[in-house]
Number of protein chains: 4
Amino acid sequence: MPDMNDPSYLNTVAEVTIAPSGQGEELSTYVAQVIKVIRDSGLPNQTNAMSTVVEGDLHRVMEVVEEATRVLAEQGYRTGVSLRLDIRPGKRDQIHEKVERVDRILGGESR
Amino acid sequence: MPDMNDPSYLNTVAEVTIAPSGQGEELSTYVAQVIKVIRDSGLPNQTNAMSTVVEGDLHRVMEVVEEATRVLAEQGYRTGVSLRLDIRPGKRDQIHEKVERVDRILGGESR
Amino acid sequence: MPDMNDPSYLNTVAEVTIAPSGQGEELSTYVAQVIKVIRDSGLPNQTNAMSTVVEGDLHRVMEVVEEATRVLAEQGYRTGVSLRLDIRPGKRDQIHEKVERVDRILGGESR
Amino acid sequence: MPDMNDPSYLNTVAEVTIAPSGQGEELSTYVAQVIKVIRDSGLPNQTNAMSTVVEGDLHRVMEVVEEATRVLAEQGYRTGVSLRLDIRPGKRDQIHEKVERVDRILGGESR
């Protein structure tokens, strides 16, 4: 697995949501199982009301998403995954910098 | 437009990303124009590295997303929009509660 | 509503999935209600295994998506929507041309 | 890699879009490179105006998506990926059956 200083490292910010289908309308116990895998990965991550944002090398991010998906799918649930990736070769710490760049332009923060 | 106490109010948490295509790799000045419309809407909102989360009645959220999209599309840019909605009739303040429910189960916060 | 010859027409190809959460694993009767609204809109559309692709002016597409969403949400279901838009001012019939351009380059079709 | 008859096979229908950012508004030559990888994978697939739908075991699908992403990211482009998965353990050939179930209910096809 390439580390951040390796030229083959492909910096990736991912936004991921993983949830079962058909297990009732209250999904937080399922979603918590998924987020635990992401937090345990050691990658920087932030959870908001719709998804979890996580940053790392492309291959490592894909591994973590698959592992988190398996937590639900291997229990036999129909499982839905939404994943968006922003890959910027040569960049680092985009999980913080992307928001700071916009806030700097707008001169403030979201409420 | 129904307010929160109106029975026809359809509580919606939206996750939205709007960006031009083909305007170079640095998109923050474009993204800032979009986020300004969302912040000026008066709806509760939070921006993270991949998208902006905003909460309100379904119709109002759709209006704000369209208005924010027009800021770029009416300048003639090819414009991409990613939108995910979680509509829970009868609920309120899901932008905060959804994260709190998961953190309560996991006993902590993302780093 | 601008028609295709109006300079304010903003050509939009949308990919949309709308489904209830917590109503069991078999969703086709719910999804059929949604797709019926899209087909009845009169806009060109195609349904595949993951979503429905529809093309029209930006505002009309947003109206149809909201109307299709209301079919489920107004029955009281927690409802999830995934929507991606590709807006190309000045273009027409992208629902067919986008695929043809790629097939022309690759010299064939998907199986 | 589990085959379809292996109990560990996790049937996955994926909808994926991969494109560079900042390489102009005409993306078909880039998108064709991505779709070639997916077609060469041997997995059943269909391309529409917004994405490519592909079906296989969860792990194999994730591998193909990563491989197709690398085609652009390893050329140094900022690369965006949108991926949605519908995993139904125990099911097969959902790429065709999901559409047929809906068409059967509605008694027709999209135009």
# chains A, B, ... in the order shown; residues from 1 in each chain; ligands from 1
call {"tool": "select_by_dssp", "arguments": {"residues": "chain B", "states": "strand (DSSP E)", "output": "number ranges by chain"}}
result
B: 11-20, 45-47, 52-57, 79-87
call {"tool": "closest_atom_pairs", "arguments": {"of": "stretch 6-69 of chain C", "to": "stretch 49-69 of chain B", "cutoff": "8 Å", "atoms": "only C-alpha atoms", "output": "tab-separated table"}}
result
residue	atom	partner	partner_atom	distance
C:Leu58	CA	B:Glu66	CA	7.9
C:His59	CA	B:Glu66	CA	7.4
C:Met62	CA	B:Met62	CA	7.2
C:Glu66	CA	B:His59	CA	7.4
call {"tool": "interface_residues", "arguments": {"of": "chain B", "to": "chain C", "cutoff": "7 Å", "atoms": "only C-alpha atoms", "output": "PyMOL selection string"}}
result
chain B and resi 73+76+78-89
call {"tool": "calpha_fit_and_write", "arguments": {"fixed": "chain B", "moving": "chain C", "output": "compact mmCIF listing (two decimals) with N, CA and C atoms, in the first residue's frame"}}
result
# COMPACT_ATOMS: atom_id res chain seq x y z
N MET C 1 -45.81 28.12 0.65
CA MET C 1 -44.77 27.21 1.15
C MET C 1 -45.15 26.77 2.57
N PRO C 2 -45.28 25.48 2.83
CA PRO C 2 -45.67 25.06 4.18
C PRO C 2 -44.55 25.34 5.18
N ASP C 3 -44.89 25.82 6.39
CA ASP C 3 -43.85 25.92 7.42
C ASP C 3 -43.84 24.61 8.22
N MET C 4 -42.91 24.54 9.18
CA MET C 4 -42.65 23.29 9.89
C MET C 4 -43.87 22.72 10.62
N ASN C 5 -44.85 23.59 10.95
CA ASN C 5 -46.00 23.12 11.72
C ASN C 5 -47.15 22.70 10.82
N ASP C 6 -46.99 22.92 9.52
CA ASP C 6 -48.02 22.57 8.54
C ASP C 6 -47.98 21.05 8.30
N PRO C 7 -49.14 20.38 8.32
CA PRO C 7 -49.10 18.92 8.11
C PRO C 7 -48.57 18.52 6.71
N SER C 8 -48.59 19.46 5.75
CA SER C 8 -48.09 19.11 4.41
C SER C 8 -46.56 19.29 4.30
N TYR C 9 -45.92 19.78 5.37
CA TYR C 9 -44.46 19.95 5.38
C TYR C 9 -43.79 18.58 5.26
N LEU C 10 -42.91 18.43 4.27
CA LEU C 10 -42.20 17.16 4.07
C LEU C 10 -40.73 17.36 4.41
N ASN C 11 -40.34 16.98 5.61
CA ASN C 11 -38.97 17.24 6.05
C ASN C 11 -37.95 16.52 5.19
N THR C 12 -36.99 17.27 4.67
CA THR C 12 -36.02 16.75 3.71
C THR C 12 -34.61 17.17 4.10
N VAL C 13 -33.73 16.18 4.23
CA VAL C 13 -32.31 16.49 4.35
C VAL C 13 -31.69 16.20 2.99
N ALA C 14 -31.01 17.19 2.43
CA ALA C 14 -30.41 17.07 1.09
C ALA C 14 -28.90 17.16 1.19
N GLU C 15 -28.25 16.43 0.32
CA GLU C 15 -26.78 16.50 0.18
C GLU C 15 -26.54 16.86 -1.27
N VAL C 16 -25.94 18.00 -1.53
CA VAL C 16 -25.86 18.48 -2.91
C VAL C 16 -24.46 18.97 -3.26
N THR C 17 -24.04 18.64 -4.46
CA THR C 17 -22.78 19.11 -5.03
C THR C 17 -23.09 19.65 -6.42
N ILE C 18 -22.64 20.86 -6.70
CA ILE C 18 -22.88 21.48 -8.01
C ILE C 18 -21.55 22.05 -8.49
N ALA C 19 -21.13 21.68 -9.68
CA ALA C 19 -19.83 22.17 -10.18
C ALA C 19 -19.85 22.22 -11.70
N PRO C 20 -19.07 23.13 -12.29
CA PRO C 20 -18.97 23.16 -13.74
C PRO C 20 -18.02 22.07 -14.22
N SER C 21 -18.17 21.71 -15.47
CA SER C 21 -17.28 20.74 -16.11
C SER C 21 -16.45 21.50 -17.14
N GLY C 22 -15.15 21.19 -17.18
CA GLY C 22 -14.33 21.78 -18.25
C GLY C 22 -13.82 23.17 -17.96
N GLN C 23 -13.88 23.62 -16.68
CA GLN C 23 -13.38 24.96 -16.33
C GLN C 23 -12.09 24.86 -15.53
N GLY C 24 -11.29 23.85 -15.80
CA GLY C 24 -10.03 23.69 -15.07
C GLY C 24 -10.23 22.83 -13.84
N GLU C 25 -9.12 22.52 -13.17
CA GLU C 25 -9.19 21.62 -12.01
C GLU C 25 -9.49 22.37 -10.71
N GLU C 26 -9.30 23.68 -10.70
CA GLU C 26 -9.56 24.46 -9.48
C GLU C 26 -10.98 25.01 -9.54
N LEU C 27 -11.86 24.44 -8.73
CA LEU C 27 -13.28 24.76 -8.86
C LEU C 27 -13.81 25.62 -7.72
N SER C 28 -12.97 26.04 -6.77
CA SER C 28 -13.52 26.65 -5.55
C SER C 28 -14.25 27.96 -5.82
N THR C 29 -13.83 28.75 -6.82
CA THR C 29 -14.56 30.01 -7.06
C THR C 29 -15.97 29.73 -7.59
N TYR C 30 -16.13 28.65 -8.37
CA TYR C 30 -17.46 28.27 -8.86
C TYR C 30 -18.32 27.69 -7.73
N VAL C 31 -17.69 26.80 -6.95
CA VAL C 31 -18.41 26.15 -5.86
C VAL C 31 -18.86 27.20 -4.83
N ALA C 32 -18.03 28.23 -4.61
CA ALA C 32 -18.40 29.29 -3.65
C ALA C 32 -19.67 30.02 -4.12
N GLN C 33 -19.82 30.24 -5.43
CA GLN C 33 -21.04 30.90 -5.94
C GLN C 33 -22.28 30.07 -5.62
N VAL C 34 -22.13 28.76 -5.74
CA VAL C 34 -23.24 27.84 -5.46
C VAL C 34 -23.58 27.85 -3.97
N ILE C 35 -22.56 27.75 -3.15
CA ILE C 35 -22.78 27.65 -1.70
C ILE C 35 -23.37 28.96 -1.16
N LYS C 36 -22.99 30.08 -1.78
CA LYS C 36 -23.56 31.37 -1.36
C LYS C 36 -25.10 31.35 -1.49
N VAL C 37 -25.60 30.79 -2.60
CA VAL C 37 -27.06 30.72 -2.78
C VAL C 37 -27.69 29.87 -1.67
N ILE C 38 -27.05 28.76 -1.35
CA ILE C 38 -27.60 27.87 -0.32
C ILE C 38 -27.57 28.57 1.04
N ARG C 39 -26.47 29.23 1.37
CA ARG C 39 -26.40 29.95 2.67
C ARG C 39 -27.42 31.09 2.73
N ASP C 40 -27.60 31.79 1.59
CA ASP C 40 -28.54 32.91 1.57
C ASP C 40 -30.00 32.45 1.64
N SER C 41 -30.25 31.15 1.46
CA SER C 41 -31.63 30.64 1.48
C SER C 41 -32.25 30.72 2.87
N GLY C 42 -31.40 30.80 3.89
CA GLY C 42 -31.92 30.79 5.26
C GLY C 42 -32.14 29.39 5.82
N LEU C 43 -31.99 28.36 5.00
CA LEU C 43 -32.15 26.99 5.50
C LEU C 43 -30.88 26.57 6.26
N PRO C 44 -31.02 25.74 7.32
CA PRO C 44 -29.84 25.23 8.01
C PRO C 44 -28.96 24.45 7.02
N ASN C 45 -27.66 24.69 7.05
CA ASN C 45 -26.78 24.02 6.09
C ASN C 45 -25.39 23.86 6.66
N GLN C 46 -24.67 22.86 6.13
CA GLN C 46 -23.28 22.57 6.52
C GLN C 46 -22.52 22.15 5.28
N THR C 47 -21.32 22.71 5.10
CA THR C 47 -20.51 22.33 3.94
C THR C 47 -19.37 21.44 4.39
N ASN C 48 -19.19 20.30 3.72
CA ASN C 48 -18.03 19.45 3.98
C ASN C 48 -17.20 19.36 2.69
N ALA C 49 -16.17 18.51 2.69
CA ALA C 49 -15.23 18.48 1.56
C ALA C 49 -15.85 17.97 0.26
N MET C 50 -17.00 17.32 0.34
CA MET C 50 -17.59 16.74 -0.87
C MET C 50 -18.93 17.35 -1.25
N SER C 51 -19.65 17.97 -0.28
CA SER C 51 -20.98 18.47 -0.61
C SER C 51 -21.49 19.40 0.47
N THR C 52 -22.68 19.93 0.24
CA THR C 52 -23.35 20.75 1.26
C THR C 52 -24.63 20.05 1.66
N VAL C 53 -24.85 19.95 2.98
CA VAL C 53 -26.05 19.33 3.51
C VAL C 53 -26.99 20.45 3.92
N VAL C 54 -28.26 20.35 3.53
CA VAL C 54 -29.23 21.41 3.79
C VAL C 54 -30.57 20.76 4.15
N GLU C 55 -31.33 21.38 5.03
CA GLU C 55 -32.58 20.77 5.49
C GLU C 55 -33.74 21.74 5.36
N GLY C 56 -34.89 21.23 4.89
CA GLY C 56 -36.08 22.06 4.78
C GLY C 56 -37.24 21.26 4.19
N ASP C 57 -38.33 21.95 3.90
CA ASP C 57 -39.45 21.32 3.21
C ASP C 57 -39.01 20.89 1.81
N LEU C 58 -39.52 19.75 1.35
CA LEU C 58 -39.11 19.22 0.04
C LEU C 58 -39.14 20.28 -1.06
N HIS C 59 -40.24 21.00 -1.18
CA HIS C 59 -40.36 21.94 -2.30
C HIS C 59 -39.33 23.06 -2.19
N ARG C 60 -39.13 23.57 -0.97
CA ARG C 60 -38.16 24.66 -0.77
C ARG C 60 -36.73 24.18 -1.09
N VAL C 61 -36.41 22.96 -0.68
CA VAL C 61 -35.08 22.41 -0.97
C VAL C 61 -34.88 22.30 -2.49
N MET C 62 -35.90 21.82 -3.20
CA MET C 62 -35.77 21.69 -4.66
C MET C 62 -35.58 23.06 -5.31
N GLU C 63 -36.31 24.06 -4.82
CA GLU C 63 -36.15 25.43 -5.34
C GLU C 63 -34.72 25.95 -5.15
N VAL C 64 -34.18 25.74 -3.95
CA VAL C 64 -32.84 26.24 -3.65
C VAL C 64 -31.80 25.53 -4.52
N VAL C 65 -31.96 24.22 -4.69
CA VAL C 65 -31.02 23.48 -5.54
C VAL C 65 -31.09 24.00 -6.97
N GLU C 66 -32.30 24.23 -7.48
CA GLU C 66 -32.42 24.73 -8.85
C GLU C 66 -31.80 26.12 -8.98
N GLU C 67 -32.06 26.97 -7.99
CA GLU C 67 -31.51 28.34 -8.03
C GLU C 67 -29.98 28.30 -8.01
N ALA C 68 -29.41 27.45 -7.16
CA ALA C 68 -27.95 27.34 -7.06
C ALA C 68 -27.35 26.79 -8.36
N THR C 69 -28.08 25.86 -8.99
CA THR C 69 -27.62 25.29 -10.26
C THR C 69 -27.61 26.35 -11.36
N ARG C 70 -28.65 27.20 -11.37
CA ARG C 70 -28.76 28.23 -12.41
C ARG C 70 -27.62 29.23 -12.37
N VAL C 71 -27.05 29.46 -11.17
CA VAL C 71 -25.93 30.40 -11.05
C VAL C 71 -24.80 29.99 -12.01
N LEU C 72 -24.56 28.70 -12.15
CA LEU C 72 -23.52 28.25 -13.08
C LEU C 72 -24.07 28.02 -14.49
N ALA C 73 -25.19 27.32 -14.61
CA ALA C 73 -25.69 26.93 -15.94
C ALA C 73 -26.05 28.15 -16.79
N GLU C 74 -26.58 29.19 -16.14
CA GLU C 74 -26.96 30.40 -16.91
C GLU C 74 -25.75 31.21 -17.36
N GLN C 75 -24.56 30.90 -16.84
CA GLN C 75 -23.33 31.48 -17.40
C GLN C 75 -22.86 30.68 -18.62
N GLY C 76 -23.60 29.60 -18.95
CA GLY C 76 -23.27 28.83 -20.15
C GLY C 76 -22.39 27.62 -19.91
N TYR C 77 -22.00 27.38 -18.65
CA TYR C 77 -21.14 26.23 -18.36
C TYR C 77 -21.90 24.92 -18.41
N ARG C 78 -21.26 23.88 -18.92
CA ARG C 78 -21.74 22.53 -18.66
C ARG C 78 -21.66 22.34 -17.15
N THR C 79 -22.78 21.94 -16.53
CA THR C 79 -22.87 21.92 -15.07
C THR C 79 -23.33 20.54 -14.59
N GLY C 80 -22.63 20.01 -13.61
CA GLY C 80 -22.99 18.72 -13.03
C GLY C 80 -23.58 18.89 -11.64
N VAL C 81 -24.66 18.17 -11.36
CA VAL C 81 -25.31 18.23 -10.05
C VAL C 81 -25.44 16.81 -9.51
N SER C 82 -25.05 16.63 -8.25
CA SER C 82 -25.34 15.37 -7.53
C SER C 82 -26.21 15.73 -6.34
N LEU C 83 -27.35 15.08 -6.23
CA LEU C 83 -28.29 15.41 -5.16
C LEU C 83 -28.82 14.12 -4.56
N ARG C 84 -28.73 14.01 -3.23
CA ARG C 84 -29.39 12.91 -2.53
C ARG C 84 -30.32 13.50 -1.49
N LEU C 85 -31.53 12.95 -1.41
CA LEU C 85 -32.52 13.44 -0.46
C LEU C 85 -32.93 12.31 0.48
N ASP C 86 -33.14 12.66 1.74
CA ASP C 86 -33.71 11.73 2.73
C ASP C 86 -34.93 12.45 3.31
N ILE C 87 -36.11 12.01 2.88
CA ILE C 87 -37.37 12.68 3.25
C ILE C 87 -38.05 11.87 4.33
N ARG C 88 -38.27 12.49 5.48
CA ARG C 88 -38.93 11.79 6.58
C ARG C 88 -40.12 12.61 7.04
N PRO C 89 -41.30 12.31 6.50
CA PRO C 89 -42.49 13.06 6.88
C PRO C 89 -42.67 13.02 8.40
N GLY C 90 -42.92 14.19 8.99
CA GLY C 90 -43.20 14.25 10.43
C GLY C 90 -41.96 14.49 11.29
N LYS C 91 -40.75 14.37 10.71
CA LYS C 91 -39.52 14.59 11.50
C LYS C 91 -39.09 16.05 11.38
N ARG C 92 -38.20 16.49 12.30
CA ARG C 92 -37.61 17.83 12.28
C ARG C 92 -36.14 17.72 12.69
N ASP C 93 -35.33 18.70 12.31
CA ASP C 93 -33.93 18.85 12.75
C ASP C 93 -33.11 17.57 12.57
N GLN C 94 -33.29 16.91 11.45
CA GLN C 94 -32.52 15.69 11.18
C GLN C 94 -31.06 15.97 10.88
N ILE C 95 -30.75 17.21 10.46
CA ILE C 95 -29.36 17.54 10.13
C ILE C 95 -28.47 17.33 11.36
N HIS C 96 -29.01 17.53 12.55
CA HIS C 96 -28.24 17.27 13.77
C HIS C 96 -28.53 15.89 14.37
N GLU C 97 -29.81 15.52 14.39
CA GLU C 97 -30.19 14.29 15.12
C GLU C 97 -29.63 13.02 14.50
N LYS C 98 -29.52 12.99 13.15
CA LYS C 98 -29.03 11.77 12.52
C LYS C 98 -27.60 11.45 12.97
N VAL C 99 -26.75 12.46 13.07
CA VAL C 99 -25.37 12.24 13.48
C VAL C 99 -25.31 11.88 14.97
N GLU C 100 -26.14 12.57 15.77
CA GLU C 100 -26.12 12.31 17.21
C GLU C 100 -26.55 10.87 17.53
N ARG C 101 -27.54 10.35 16.80
CA ARG C 101 -27.98 8.97 17.05
C ARG C 101 -26.84 7.98 16.84
N VAL C 102 -26.07 8.17 15.76
CA VAL C 102 -24.96 7.26 15.47
C VAL C 102 -23.84 7.43 16.49
N ASP C 103 -23.50 8.69 16.82
CA ASP C 103 -22.44 8.92 17.81
C ASP C 103 -22.80 8.33 19.17
N ARG C 104 -24.09 8.41 19.52
CA ARG C 104 -24.53 7.85 20.80
C ARG C 104 -24.28 6.34 20.84
N ILE C 105 -24.58 5.67 19.71
CA ILE C 105 -24.37 4.22 19.65
C ILE C 105 -22.88 3.88 19.72
N LEU C 106 -22.06 4.66 19.01
CA LEU C 106 -20.63 4.35 18.94
C LEU C 106 -19.85 4.93 20.12
N GLY C 107 -20.49 5.81 20.88
CA GLY C 107 -19.82 6.36 22.07
C GLY C 107 -18.67 7.27 21.73
N GLY C 108 -18.80 8.06 20.66
CA GLY C 108 -17.71 8.98 20.34
C GLY C 108 -17.98 9.71 19.04
N GLU C 109 -16.99 10.45 18.60
CA GLU C 109 -17.14 11.22 17.37
C GLU C 109 -16.04 10.87 16.39
N SER C 110 -16.26 11.25 15.14
CA SER C 110 -15.22 11.06 14.13
C SER C 110 -14.06 11.99 14.47
N ARG C 111 -12.89 11.62 14.01
CA ARG C 111 -11.72 12.47 14.31
C ARG C 111 -11.62 13.54 13.23
call {"tool": "select_by_dssp", "arguments": {"residues": "stretch 1-109 of chain C", "states": "alpha helix (DSSP H)", "output": "PyMOL selection string"}}
result
chain C and resi 28-40+58-73+94-106
